[in-house]
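Trainee: Handing you this structure, nothing more for now.
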Amino acid sequence: MAPHTLSSPAPSSSAPSSSAPSTSAPVLPQPAAPTTTGAHGPMPVPPPRGPAGRALADVLLRPSPGPAGDLVTEALLATFDDAVVAALAATDDLLRDDDLQVTLLTLQELHYGGLAGVDDRWEWSPELLRTRGRLQDAQEAVLRELVPVPDVPAGATAQEVAEALFALTGAEGGPGLSTYLARTATLEQAAELVVHRSLYHLKEADPHTWAIPRLSGVPKAALVEIQADEYGGGLADRMHAALFARTMRALGLDDQPGAYVDHIPAVTIASLTTMSLLGLQRRLRGAVAGHLAAFEMTSTTPNRLYGNGFRRLGFDEEVTRYFDEHVEADAVHEQIAARDLAGALAVDDPAVRDDVLFGAALCLALDTWVAEAQVAAWREGRSSLRRPLPAGDGATRDGAA
């Protein structure tokens with residue numbers, strides 16, 4: 001098959017005015033090149049999309065203060081907190097607010113691989129933790145209001161909880177993103193799908209792994225079993241994040257973490273910030289278990305269709321291996337996640353039973369909102385990204401059959 005060349009997608013006409021890249025953003029440090037072991041350095045500081053993000057960037061470009069702090073940094077921290085409070089008061093849709101979602105993503109990244117050029121001590125800054133908590137609490141409140149949760153009777157068995165999860169995840173609905181890719185998507189749209197997903201899949205499994213030390217017994221063993229597969233069973237090149245990076249490279253895309261963060265709309269970012277706010281808080285251990293259960297239980301068929309879609313477009317295993325791997329692995333994981341992780345946790349720790357179902361419902365709702373936005377954009381003949389990809393990105397066909 002002759003090589004295709006990807007053209008840069010047009011900017012989305014539906015993007016809110018706050019999505020426009022800031023012209024007054026500070027010059028941010030860039031990440032180091034990847035190592036020979038396949039590891040990556042910290043992601044770059046995401047470009048701010050509004051006043052809150054700009055105020056945070058001003059803070060992060062300074063060294064972390066010592067115990068006594070300094071007046072300039074303290075003033076910048078206060079300005080940042082004030083900007084977040086004002087942005088929360090002004091927004092009418094937190095999950096689609098570019099400024100607030102990028103700000104929360106940036107704060108949470110301090111707890112993952114860190115940020116290029118940013119002092120690692122900022123991770124435990126009491127002031128940043130307070131402001132991050134303010135954002136996360138607001139987002140959790142919005143999600144609890146928007147997402148209906150099925151009832152499970154008190155005293156339900158692990159099997160009954162699992163059956164409730166299978167009923168929830170087996171319900172028909174959604175915009176059919178995977179079907180669209182399998183049957184209709186263009187090469188450009190397929191590349192956009194991968195860009196959207198890169199935000200999470202280049203750190204795949206990490207948000208849920210926070211729950212391991214917060215569980216015990218059967219649920220903990222089940223989570224470790226699932227995550228061990230996600231991390232490649234000890235083989236670096238089999239880690240699912242590494243397989244996804246391989247897919248990106250074969251498509252001519254940049255596999256550096258955060259390379260496309262400024263192209264990704266807020267609602268896609270909200271999917272990751274929600275996973276992180278669940279994983280980073282012990283009180284939400286039930287929700288993160290339920291989220292992972294739903295994630296695994298709805299993975300097999302979509303990944304089969306994604307793989308078929310890329311094969312339809314002429315790509316070989318270099319691109320499809322990631323998706324094909326999930327067809328087999330997640331068929332096993334869904335049983336473990338539903339019964340031994342989520343079901344057993346709901347029985348062992350009845351206080352989190354409702355949150356198990358909440359986390360599962362959250363996963364499905366966020367996936368639907370993200371997919372709706374992408375499919376709607378493509379059917380209207382426009383890009384699903386908020387700004388064009390860099391010239392040349394996605395222009396190679398190393399994974400072509």
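Residue numbering restarts at 1 for every chain of the structure tokens, chains are lettered A, B, ... in their displayed order, and ligands are numbered from 1 as they appear.
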If DSSP is run on the backbone, what residues of segment 98-185 of chain A are helix (DSSP H, G or I)? A reply as an NGL selection string would be ideal.
Mentor: :A and (98-109 or 120-124 or 126-146 or 158-169 or 177-183)
Trainee: Taking only residues of segment 112-230 of chain A that have an atom at most 7 Å from an atom of segment 51-75 of chain A, what is each one's shortest atom pair and its distance in Å to one decimal, using only C-alpha atoms, in chain and number order, as a Markdown table?
Mentor:
```
| residue | atom | partner | partner_atom | distance |
| --- | --- | --- | --- | --- |
| A:Val118 | CA | A:Leu60 | CA | 5.9 |
| A:Asp119 | CA | A:Pro63 | CA | 5.9 |
| A:Arg121 | CA | A:Ser64 | CA | 5.9 |
| A:Trp122 | CA | A:Ser64 | CA | 5.7 |
```
Trainee: Determine, counting only C-alpha atoms, which protein, DNA and RNA residues have an atom within 10 Å of an atom of segment 259-269 of chain A; residues of the same chain fewer than 6 positions away are not included. Present the result as a PyMOL selection string.
Mentor: chain A and resi 11-12+15-16+19-21+31+43-49+93-102+104-105+192+195-200+253+366-367+369-371+373-374+384-390
Trainee: What's around Tyr231 of chain A at 10 Å? Count only C-alpha atoms, leave out sequence neighbours fewer than 2 positions away in its own chain, and write the answer as an MDAnalysis selection string.
Mentor: chainID A and resid 204:206 226:229 233:242
Trainee: Please report, as JSON lines, each residue of segment 138-256 of chain A lying at most 8 Å from segment 323-338 of chain A, together with the nearest pair of atoms and the separation in Å rounded to one decimal; use only C-alpha atoms, and order rows by chain and ascending residue number.
Mentor:
```
{"residue": "A:Val161", "atom": "CA", "partner": "A:Ala338", "partner_atom": "CA", "distance": 7.9}
{"residue": "A:Ala162", "atom": "CA", "partner": "A:Ala338", "partner_atom": "CA", "distance": 5.0}
{"residue": "A:Leu165", "atom": "CA", "partner": "A:Ala338", "partner_atom": "CA", "distance": 6.8}
{"residue": "A:Phe166", "atom": "CA", "partner": "A:Ala338", "partner_atom": "CA", "distance": 7.7}
{"residue": "A:Ala222", "atom": "CA", "partner": "A:Ile336", "partner_atom": "CA", "distance": 6.3}
{"residue": "A:Leu223", "atom": "CA", "partner": "A:Ala337", "partner_atom": "CA", "distance": 7.4}
{"residue": "A:Ile226", "atom": "CA", "partner": "A:His333", "partner_atom": "CA", "distance": 6.2}
{"residue": "A:Asp229", "atom": "CA", "partner": "A:Ala329", "partner_atom": "CA", "distance": 7.8}
```
Trainee: Interatomic distance between atom CA of Thr320 of chain A and atom CA of Gly290 of chain A?
Mentor: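 One can read the atom CA of Thr320 of chain A to atom CA of Gly290 of chain A distance as 27.7 Å.
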Trainee: Please provide the set of residues having any atom within 12 Å of Leu129 of chain A, restricted to only C-alpha atoms, with same-chain residues fewer than 4 positions apart removed, written as an MDAnalysis selection string.
Mentor: chainID A and resid 77 81 104 107:108 110:111 121:125 133:137 280
Trainee: Restricting the calculation to only C-alpha atoms, which member of A:Thr131, A:Ser178, A:Thr91, A:Thr103 is positioned closest to Glu372 of chain A?
Mentor: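 Smallest separation from Glu372 of chain A among the options: A:Ser178.
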Trainee: Hey, what's within 9 Å of Glu163 of chain A if we count only C-alpha atoms and toss same-chain stuff fewer than 3 positions away? As a ChimeraX atom specification, please?
Mentor: /A:158-160,166-168,338-339,343
Trainee: Residues at most 8 Å from Gln189 of chain A, counting only C-alpha atoms, excluding those fewer than 4 positions away in the same chain, as JSON, numbers by chain?
Mentor: {"A": [185, 193, 378, 383]}
Trainee: Between atom CA of Glu317 of chain A and atom CA of Gly258 of chain A, what distance in Å does the model show, to one decimal?
Mentor: 24.7 Å
Trainee: Quick one: pull the distance between atom CA of Asp92 of chain A and atom CA of Ala365 of chain A, Å, one decimal.
Mentor: 18.6 Å
